[in-house]
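**Q** One file is attached below, query.txt, containing compact mmCIF, C-alpha atoms.
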# COMPACT_ATOMS: atom_id res chain seq x y z
CA MET A 27 -52.73 -4.60 19.77
CA GLN A 28 -51.79 -7.49 22.04
CA PHE A 29 -48.65 -9.35 21.07
CA ALA A 30 -47.96 -12.93 22.08
CA GLU A 31 -44.21 -12.25 22.28
CA ILE A 32 -41.83 -9.31 21.94
CA ARG A 33 -38.03 -9.48 21.88
CA HIS A 34 -35.19 -6.99 21.77
CA ASP A 35 -32.26 -9.41 21.64
CA TYR A 36 -30.98 -8.63 18.14
CA ILE A 37 -28.25 -5.98 18.37
CA TRP A 38 -26.09 -4.92 15.45
CA GLY A 39 -23.71 -2.16 14.42
CA GLU A 40 -20.04 -1.25 14.55
CA ALA A 41 -19.79 -1.11 18.34
CA VAL A 42 -20.86 -4.74 18.74
CA GLU A 43 -19.61 -6.23 15.46
CA ASN A 44 -16.25 -4.66 14.65
CA GLY A 45 -15.01 -3.03 17.82
CA LEU A 46 -13.14 0.14 16.92
CA ASN A 47 -13.00 -0.48 13.17
CA HIS A 48 -14.91 2.44 11.85
CA ARG A 49 -17.00 2.33 8.68
CA ALA A 50 -16.37 5.69 7.12
CA GLY A 51 -19.49 7.78 6.71
CA ASP A 52 -21.73 5.50 8.79
CA PRO A 53 -23.55 7.61 11.43
CA LEU A 54 -24.86 4.51 13.22
CA LEU A 55 -22.87 3.01 16.07
CA ALA A 56 -25.32 0.33 17.22
CA ALA A 57 -29.00 -0.57 17.01
CA VAL A 58 -31.51 -2.85 18.70
CA SER A 59 -34.40 -4.41 16.82
CA ILE A 60 -37.79 -4.64 18.56
CA ASP A 61 -39.40 -7.78 17.09
CA ALA A 62 -42.97 -8.87 17.74
CA TRP A 63 -45.08 -11.99 17.23
CA GLU A 64 -48.87 -11.78 17.24
CA THR A 65 -49.88 -15.43 17.68
CA GLY A 66 -46.89 -17.28 19.08
CA ASN A 67 -47.32 -20.06 16.52
CA ASP A 68 -44.10 -21.86 15.66
CA ASP A 69 -44.49 -21.10 11.96
CA GLU A 70 -45.12 -17.38 12.46
CA GLU A 71 -42.37 -15.00 11.43
CA GLY A 72 -41.81 -12.09 13.74
CA ARG A 73 -41.85 -8.57 12.37
CA VAL A 74 -39.82 -5.52 13.26
CA VAL A 75 -42.08 -2.94 14.91
CA ALA A 76 -39.29 -0.52 15.85
CA ASN A 77 -35.53 -0.02 15.85
CA VAL A 78 -33.72 1.75 18.67
CA LEU A 79 -30.66 3.47 17.20
CA LEU A 80 -27.45 4.71 18.82
CA SER A 81 -25.72 7.45 16.83
CA ARG A 82 -21.99 8.06 16.69
CA HIS A 83 -22.53 11.08 18.95
CA GLY A 84 -24.32 9.09 21.66
CA ASP A 85 -27.88 10.06 20.73
CA ILE A 86 -30.58 7.38 21.05
CA ILE A 87 -33.41 7.52 18.53
CA VAL A 88 -36.50 5.31 18.21
CA ASP A 89 -37.55 4.51 14.65
CA PHE A 90 -41.08 3.06 14.66
CA HIS A 91 -41.87 0.76 11.74
CA ASP A 92 -45.49 0.47 12.85
CA ASN A 93 -47.18 3.64 14.08
CA GLY A 94 -49.83 1.52 15.75
CA VAL A 95 -47.39 0.44 18.48
CA ARG A 96 -46.27 3.91 19.58
CA MET A 97 -48.47 3.71 22.70
CA ASP A 98 -48.29 -0.06 23.20
CA GLN A 99 -47.09 -0.64 26.76
CA GLN A 100 -45.38 -3.94 25.93
CA VAL A 101 -43.42 -2.36 23.10
CA LEU A 102 -42.51 0.70 25.18
CA GLU A 103 -41.12 -1.51 27.95
CA HIS A 104 -38.86 -3.31 25.49
CA ILE A 105 -37.78 0.02 23.99
CA ALA A 106 -36.83 1.24 27.48
CA GLU A 107 -34.74 -1.90 28.04
CA ALA A 108 -33.12 -1.49 24.62
CA LYS A 109 -32.19 2.09 25.51
CA THR A 110 -30.52 0.81 28.68
CA ASP A 111 -28.54 -1.70 26.60
CA LEU A 112 -27.45 1.01 24.18
CA ARG A 113 -26.36 3.34 26.99
CA ARG A 114 -24.16 0.54 28.32
CA ILE A 115 -22.75 -0.04 24.83
CA TRP A 116 -22.05 3.70 24.51
CA GLU A 117 -20.21 3.79 27.83
CA GLU A 118 -18.09 0.76 26.90
CA TYR A 119 -17.38 2.12 23.42
CA THR A 120 -16.33 5.59 24.59
CA ALA A 121 -14.15 4.08 27.32
CA ALA A 122 -12.39 1.92 24.72
CA GLN A 123 -11.97 4.95 22.46
CA ARG A 124 -10.37 6.96 25.26
CA GLN A 125 -8.02 4.10 26.10
CA ALA A 126 -7.04 3.72 22.44
CA ALA A 127 -6.42 7.47 22.14
CA VAL A 128 -4.09 7.46 25.16
CA HIS A 129 -2.20 4.47 23.80
CA VAL A 130 -1.92 6.01 20.34
CA LYS A 131 -0.75 9.37 21.64
CA SER A 132 2.01 7.79 23.69
CA LEU A 133 3.27 5.40 21.02
CA GLY A 134 2.13 6.94 17.75
CA CYS A 135 0.54 4.92 14.96
CA THR A 136 2.55 2.72 12.64
CA ALA A 137 1.42 0.38 9.90
CA GLU A 138 2.94 -1.72 7.17
CA LEU A 139 1.46 -1.89 3.68
CA GLU A 140 2.44 -4.70 1.33
CA ILE A 141 2.07 -3.92 -2.38
CA PRO A 142 1.99 -6.61 -5.09
CA ARG A 143 5.22 -6.63 -7.07
CA ASP A 144 3.49 -6.07 -10.42
CA ALA A 145 1.57 -3.10 -8.98
CA MET A 146 4.78 -1.55 -7.64
CA GLU A 147 6.47 -2.02 -11.00
CA GLN A 148 3.53 -0.32 -12.70
CA ILE A 149 3.68 2.61 -10.25
CA ASN A 150 7.42 3.03 -10.71
CA GLY A 151 6.88 2.98 -14.45
CA TYR A 152 4.42 5.86 -14.18
CA LEU A 153 6.77 7.80 -11.89
CA HIS A 154 9.62 7.54 -14.41
CA ALA A 155 7.56 7.75 -17.59
CA ALA A 156 9.20 9.68 -20.42
CA SER A 157 6.63 9.53 -23.22
CA GLU A 158 2.94 10.22 -23.77
CA ASP A 159 2.15 6.53 -24.16
CA ALA A 160 3.75 5.78 -20.78
CA TYR A 161 2.04 8.55 -18.78
CA GLN A 162 -0.58 7.49 -16.24
CA SER A 163 -3.26 10.04 -17.28
CA GLU A 164 -4.75 12.56 -14.88
CA ASP A 165 -8.02 10.59 -14.78
CA HIS A 166 -6.28 7.56 -13.27
CA THR A 167 -5.19 7.44 -9.61
CA ILE A 168 -3.72 4.43 -7.84
CA SER A 169 -4.47 4.49 -4.11
CA TYR A 170 -3.87 2.17 -1.17
CA THR A 171 -5.50 2.74 2.23
CA VAL A 172 -4.26 1.89 5.72
CA GLN A 173 -6.47 2.17 8.82
CA PHE A 174 -4.96 2.94 12.22
CA PRO A 175 -6.24 1.78 15.64
CA ASP A 176 -7.75 5.19 16.44
CA GLY A 177 -9.92 5.13 13.32
CA LYS A 178 -7.77 7.48 11.22
CA GLN A 179 -6.93 6.36 7.69
CA MET A 180 -4.02 7.16 5.41
CA ASP A 181 -4.24 6.96 1.64
CA ILE A 182 -0.98 6.47 -0.26
CA LYS A 183 -1.54 7.72 -3.80
CA CYS A 184 0.13 7.66 -7.17
CA CYS A 185 -1.53 10.49 -9.10
CA GLY A 186 -1.44 10.59 -12.87
CA CYS A 187 -0.64 13.47 -15.21
CA GLN A 188 -1.55 13.98 -18.84
CA ASP A 189 1.83 15.11 -20.15
CA GLU A 190 4.45 14.38 -17.48
CA PRO A 191 5.48 11.67 -15.00
CA SER A 192 3.14 10.85 -12.12
CA TRP A 193 3.56 12.11 -8.56
CA THR A 194 2.82 10.68 -5.12
CA GLU A 195 1.34 11.86 -1.84
CA ALA A 196 -0.05 10.58 1.45
CA VAL A 197 -3.34 11.92 2.83
CA LEU A 198 -4.64 11.46 6.38
CA PHE A 199 -8.40 11.24 6.97
CA ASP A 200 -10.47 11.26 10.14
CA GLU A 201 -13.05 8.65 11.17
CA ASP A 202 -15.70 10.25 8.95
CA GLY A 203 -13.52 10.42 5.85
CA SER A 204 -12.68 14.14 6.08
CA GLN A 205 -9.15 15.12 5.07
CA LEU A 206 -6.91 16.24 7.94
CA CYS A 207 -3.52 16.79 6.32
CA CYS A 208 -1.32 15.60 3.48
CA THR A 209 2.31 15.43 2.42
CA GLU A 210 3.98 17.54 -0.23
CA PRO A 211 3.97 15.94 -3.71
CA GLY A 212 6.75 13.40 -4.13
CA ASP A 213 8.36 11.26 -6.80
CA SER A 214 8.64 7.99 -4.87
CA PHE A 215 5.96 5.57 -3.66
CA ASP A 216 7.89 3.24 -1.38
CA GLY A 217 8.01 5.56 1.63
CA PRO A 218 8.15 5.48 4.55
CA TRP A 219 5.26 7.94 4.76
CA GLU A 220 4.79 10.12 7.84
CA LEU A 221 2.14 12.62 8.80
CA GLN A 222 1.56 14.30 12.15
CA TYR A 223 -1.82 15.45 13.44
CA ALA A 224 -2.90 16.57 16.93
CA GLY A 225 0.44 15.54 18.38
CA ILE A 226 0.28 12.00 16.97
CA ARG A 227 2.70 10.74 14.33
CA TYR A 228 1.21 8.39 11.72
CA THR A 229 3.73 6.27 9.83
CA VAL A 230 3.25 3.80 6.98
CA THR A 231 6.06 1.60 5.69
CA ILE A 232 5.69 0.21 2.17
CA LYS A 233 6.90 -3.27 1.30
CA THR A 234 6.80 -5.11 -1.99
CA GLU A 235 5.43 -8.64 -2.04
CA HIS A 236 7.93 -11.32 -2.96
CA ALA A 237 7.24 -13.11 -6.21
As structure tokens, how would this structure be written, given the file I've shared?
**A**
Amino acid sequence: MQFAEIRHDYIWGEAVENGLNHRAGDPLLAAVSIDAWETGNDDEEGRVVANVLLSRHGDIIVDFHDNGVRMDQQVLEHIAEAKTDLRRIWEEYTAAQRQAAVHVKSLGCTAELEIPRDAMEQINGYLHAASEDAYQSEDHTISYTVQFPDGKQMDIKCCGCQDEPSWTEAVLFDEDGSQLCCTEPGDSFDGPWELQYAGIRYTVTIKTEHA
């Protein structure tokens, strides 16, 4: 098939949209769309014939939307150029990750979490509950999440119980949402919360919003 025009100028994904802010569970780092036009008419809408994908591990995969273009020389040339663009993006991304890791390891990671006053009052009520009607219930967990510059996340949780006051903990997760470590159960929510992993100290300070 002869196309009037082919482009590969639409690039999307975490590496080009959000820098180092990782979307947990997303295996895609960046992608380039190969778009084609058959006639070149102004009113013609282009169609995606392939996507060139960059995985979080640096692999480049071609996803053809139209099997008829697999041997099309025009399309293959644009795919080759898209791969070059993605290799450059990978090099820039990994360099930024290394720089962030060095910075984080030397300074540690700190963050501040501001909790609405009514939410903090509710949490403290659960932590000091003395009757069945006041207990939080084990099916109800209150959780706030902080993301650090290196992609790690810390959840600060108030965990409910069926027949006793609630308890608190902090849990550290990696970039893919897997748990790395956690604190011992506590009876206070306002911190500060500290966890250490791979030689890096992660600290979250809790503040209550002013009314």
**Q** Could you tell me how far CA of Ile60 in chain A sits from CA of Arg113 in chain A, in Å to one decimal place?
**A**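 Separating CA of Arg113 in chain A from CA of Ile60 in chain A is a distance of 16.3 Å.
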**Q** Which is closer to Ile149 in chain A than all the others in A:Ile226, A:Cys185, A:Ala121, A:Met180, using only C-alpha atoms?
**A**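 Closest candidate: A:Cys185.
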**Q** Considering all atoms listed in the file, state which residue in the set A:Asp181, A:Cys135, A:Cys187, A:Pro53 is at the smallest distance from His166 in chain A.
**A**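 For His166 in chain A, the nearest of the given residues is A:Cys187.
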**Q** Which of these, A:Met146, A:Val78, A:Val101, A:Leu206, has the shortest distance to Ser59 in chain A once you count all atoms listed in the file?
**A**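 Looking only at the distances to Ser59 in chain A, the closest residue turns out to be A:Val78.
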**Q** Could you check which of A:Gln123, A:Asn77, A:Gln28, A:Gln205 is closest to Trp63 in chain A, using only C-alpha atoms?
**A** A:Gln28
**Q** Rounded to one decimal place, report the CA of Leu55 in chain A-CA of Asp85 in chain A distance in Å.
**A**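 Atom-to-atom, CA of Leu55 in chain A and CA of Asp85 in chain A are spaced 9.8 Å apart.
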**Q** For CA of Glu64 in chain A and CA of Ala30 in chain A, determine how far apart the two atoms are, in Å to one decimal place.
**A**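 Between CA of Glu64 in chain A and CA of Ala30 in chain A the gap works out to 5.1 Å.
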**Q** Output range 71-176 of chain A from the block with C-alpha atoms, as a PDB file, in the first residue's frame?
**A**
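This is the output file part-v1.pdb:
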ATOM      1  CA  GLU A  71      -8.205  11.538   9.198  1.00  0.00           C
ATOM      2  CA  GLY A  72      -4.965   9.682   9.659  1.00  0.00           C
ATOM      3  CA  ARG A  73      -4.982   6.227  11.190  1.00  0.00           C
ATOM      4  CA  VAL A  74      -2.557   4.518  13.519  1.00  0.00           C
ATOM      5  CA  VAL A  75      -0.817   1.693  11.675  1.00  0.00           C
ATOM      6  CA  ALA A  76       1.650   0.859  14.462  1.00  0.00           C
ATOM      7  CA  ASN A  77       2.869   1.915  17.889  1.00  0.00           C
ATOM      8  CA  VAL A  78       6.512   1.681  18.906  1.00  0.00           C
ATOM      9  CA  LEU A  79       6.650   1.046  22.659  1.00  0.00           C
ATOM     10  CA  LEU A  80       9.423   1.582  25.204  1.00  0.00           C
ATOM     11  CA  SER A  81       9.074  -0.598  28.295  1.00  0.00           C
ATOM     12  CA  ARG A  82      10.200   0.315  31.789  1.00  0.00           C
ATOM     13  CA  HIS A  83      13.123  -2.094  31.336  1.00  0.00           C
ATOM     14  CA  GLY A  84      14.357  -0.434  28.139  1.00  0.00           C
ATOM     15  CA  ASP A  85      12.873  -2.924  25.670  1.00  0.00           C
ATOM     16  CA  ILE A  86      11.473  -1.544  22.400  1.00  0.00           C
ATOM     17  CA  ILE A  87       8.476  -3.361  20.936  1.00  0.00           C
ATOM     18  CA  VAL A  88       6.565  -2.700  17.708  1.00  0.00           C
ATOM     19  CA  ASP A  89       2.805  -3.194  17.930  1.00  0.00           C
ATOM     20  CA  PHE A  90       1.324  -3.302  14.420  1.00  0.00           C
ATOM     21  CA  HIS A  91      -2.307  -2.215  14.176  1.00  0.00           C
ATOM     22  CA  ASP A  92      -2.421  -3.161  10.491  1.00  0.00           C
ATOM     23  CA  ASN A  93      -0.690  -6.388   9.481  1.00  0.00           C
ATOM     24  CA  GLY A  94      -0.674  -5.180   5.897  1.00  0.00           C
ATOM     25  CA  VAL A  95       2.083  -2.647   6.652  1.00  0.00           C
ATOM     26  CA  ARG A  96       4.581  -5.045   8.227  1.00  0.00           C
ATOM     27  CA  MET A  97       6.693  -5.055   5.048  1.00  0.00           C
ATOM     28  CA  ASP A  98       5.879  -1.520   3.896  1.00  0.00           C
ATOM     29  CA  GLN A  99       9.204   0.266   3.394  1.00  0.00           C
ATOM     30  CA  GLN A 100       7.787   3.706   4.236  1.00  0.00           C
ATOM     31  CA  VAL A 101       6.351   2.450   7.503  1.00  0.00           C
ATOM     32  CA  LEU A 102       9.528   0.554   8.403  1.00  0.00           C
ATOM     33  CA  GLU A 103      11.622   3.685   7.892  1.00  0.00           C
ATOM     34  CA  HIS A 104       9.426   5.642  10.289  1.00  0.00           C
ATOM     35  CA  ILE A 105       9.546   2.778  12.794  1.00  0.00           C
ATOM     36  CA  ALA A 106      13.352   2.847  12.639  1.00  0.00           C
ATOM     37  CA  GLU A 107      13.353   6.594  13.320  1.00  0.00           C
ATOM     38  CA  ALA A 108      10.874   6.124  16.173  1.00  0.00           C
ATOM     39  CA  LYS A 109      13.178   3.507  17.707  1.00  0.00           C
ATOM     40  CA  THR A 110      16.035   6.013  17.557  1.00  0.00           C
ATOM     41  CA  ASP A 111      13.859   8.579  19.350  1.00  0.00           C
ATOM     42  CA  LEU A 112      12.934   6.058  22.038  1.00  0.00           C
ATOM     43  CA  ARG A 113      16.565   5.040  22.594  1.00  0.00           C
ATOM     44  CA  ARG A 114      17.395   8.706  23.171  1.00  0.00           C
ATOM     45  CA  ILE A 115      14.461   9.019  25.585  1.00  0.00           C
ATOM     46  CA  TRP A 116      15.667   5.893  27.423  1.00  0.00           C
ATOM     47  CA  GLU A 117      19.189   7.284  27.778  1.00  0.00           C
ATOM     48  CA  GLU A 118      17.891  10.617  29.094  1.00  0.00           C
ATOM     49  CA  TYR A 119      15.448   8.924  31.459  1.00  0.00           C
ATOM     50  CA  THR A 120      17.986   6.513  32.949  1.00  0.00           C
ATOM     51  CA  ALA A 121      20.522   9.329  33.353  1.00  0.00           C
ATOM     52  CA  ALA A 122      17.929  11.378  35.252  1.00  0.00           C
ATOM     53  CA  GLN A 123      17.073   8.350  37.398  1.00  0.00           C
ATOM     54  CA  ARG A 124      20.724   7.823  38.299  1.00  0.00           C
ATOM     55  CA  GLN A 125      21.135  11.488  39.186  1.00  0.00           C
ATOM     56  CA  ALA A 126      18.008  11.408  41.347  1.00  0.00           C
ATOM     57  CA  ALA A 127      19.211   8.254  43.108  1.00  0.00           C
ATOM     58  CA  VAL A 128      22.563   9.853  43.972  1.00  0.00           C
ATOM     59  CA  HIS A 129      20.825  12.971  45.270  1.00  0.00           C
ATOM     60  CA  VAL A 130      18.339  10.950  47.302  1.00  0.00           C
ATOM     61  CA  LYS A 131      21.002   8.708  48.817  1.00  0.00           C
ATOM     62  CA  SER A 132      23.057  11.676  49.965  1.00  0.00           C
ATOM     63  CA  LEU A 133      20.182  13.709  51.399  1.00  0.00           C
ATOM     64  CA  GLY A 134      17.474  11.162  52.120  1.00  0.00           C
ATOM     65  CA  CYS A 135      13.836  11.710  51.214  1.00  0.00           C
ATOM     66  CA  THR A 136      11.552  13.956  53.212  1.00  0.00           C
ATOM     67  CA  ALA A 137       7.975  14.980  52.599  1.00  0.00           C
ATOM     68  CA  GLU A 138       5.217  16.851  54.360  1.00  0.00           C
ATOM     69  CA  LEU A 139       1.621  15.644  54.363  1.00  0.00           C
ATOM     70  CA  GLU A 140      -1.186  18.010  55.295  1.00  0.00           C
ATOM     71  CA  ILE A 141      -4.337  16.348  56.638  1.00  0.00           C
ATOM     72  CA  PRO A 142      -7.723  18.117  56.815  1.00  0.00           C
ATOM     73  CA  ARG A 143      -8.608  18.982  60.397  1.00  0.00           C
ATOM     74  CA  ASP A 144     -11.890  17.050  60.345  1.00  0.00           C
ATOM     75  CA  ALA A 145     -10.098  13.958  58.989  1.00  0.00           C
ATOM     76  CA  MET A 146      -7.467  14.157  61.740  1.00  0.00           C
ATOM     77  CA  GLU A 147     -10.175  14.514  64.375  1.00  0.00           C
ATOM     78  CA  GLN A 148     -11.921  11.446  62.970  1.00  0.00           C
ATOM     79  CA  ILE A 149      -8.673   9.441  63.010  1.00  0.00           C
ATOM     80  CA  ASN A 150      -7.893  10.457  66.589  1.00  0.00           C
ATOM     81  CA  GLY A 151     -11.414   9.459  67.542  1.00  0.00           C
ATOM     82  CA  TYR A 152     -10.851   5.972  66.143  1.00  0.00           C
ATOM     83  CA  LEU A 153      -7.473   5.693  67.887  1.00  0.00           C
ATOM     84  CA  HIS A 154      -9.026   6.508  71.272  1.00  0.00           C
ATOM     85  CA  ALA A 155     -12.374   4.788  70.757  1.00  0.00           C
ATOM     86  CA  ALA A 156     -13.784   3.101  73.855  1.00  0.00           C
ATOM     87  CA  SER A 157     -17.055   1.594  72.645  1.00  0.00           C
ATOM     88  CA  GLU A 158     -18.340  -0.617  69.840  1.00  0.00           C
ATOM     89  CA  ASP A 159     -20.188   2.270  68.212  1.00  0.00           C
ATOM     90  CA  ALA A 160     -16.978   4.316  68.081  1.00  0.00           C
ATOM     91  CA  TYR A 161     -14.698   1.617  66.635  1.00  0.00           C
ATOM     92  CA  GLN A 162     -13.519   2.079  63.048  1.00  0.00           C
ATOM     93  CA  SER A 163     -14.316  -1.493  61.860  1.00  0.00           C
ATOM     94  CA  GLU A 164     -11.703  -3.796  60.378  1.00  0.00           C
ATOM     95  CA  ASP A 165     -13.208  -3.332  56.906  1.00  0.00           C
ATOM     96  CA  HIS A 166     -12.425   0.390  56.940  1.00  0.00           C
ATOM     97  CA  THR A 167      -8.887   1.746  56.449  1.00  0.00           C
ATOM     98  CA  ILE A 168      -7.935   5.409  56.156  1.00  0.00           C
ATOM     99  CA  SER A 169      -4.790   5.875  54.079  1.00  0.00           C
ATOM    100  CA  TYR A 170      -2.791   8.834  52.782  1.00  0.00           C
ATOM    101  CA  THR A 171      -0.002   8.428  50.212  1.00  0.00           C
ATOM    102  CA  VAL A 172       3.174  10.450  49.691  1.00  0.00           C
ATOM    103  CA  GLN A 173       5.422  10.005  46.646  1.00  0.00           C
ATOM    104  CA  PHE A 174       9.164  10.672  46.882  1.00  0.00           C
ATOM    105  CA  PRO A 175      11.461  11.954  44.099  1.00  0.00           C
ATOM    106  CA  ASP A 176      12.946   8.492  43.476  1.00  0.00           C
TER     107      ASP A 176
END
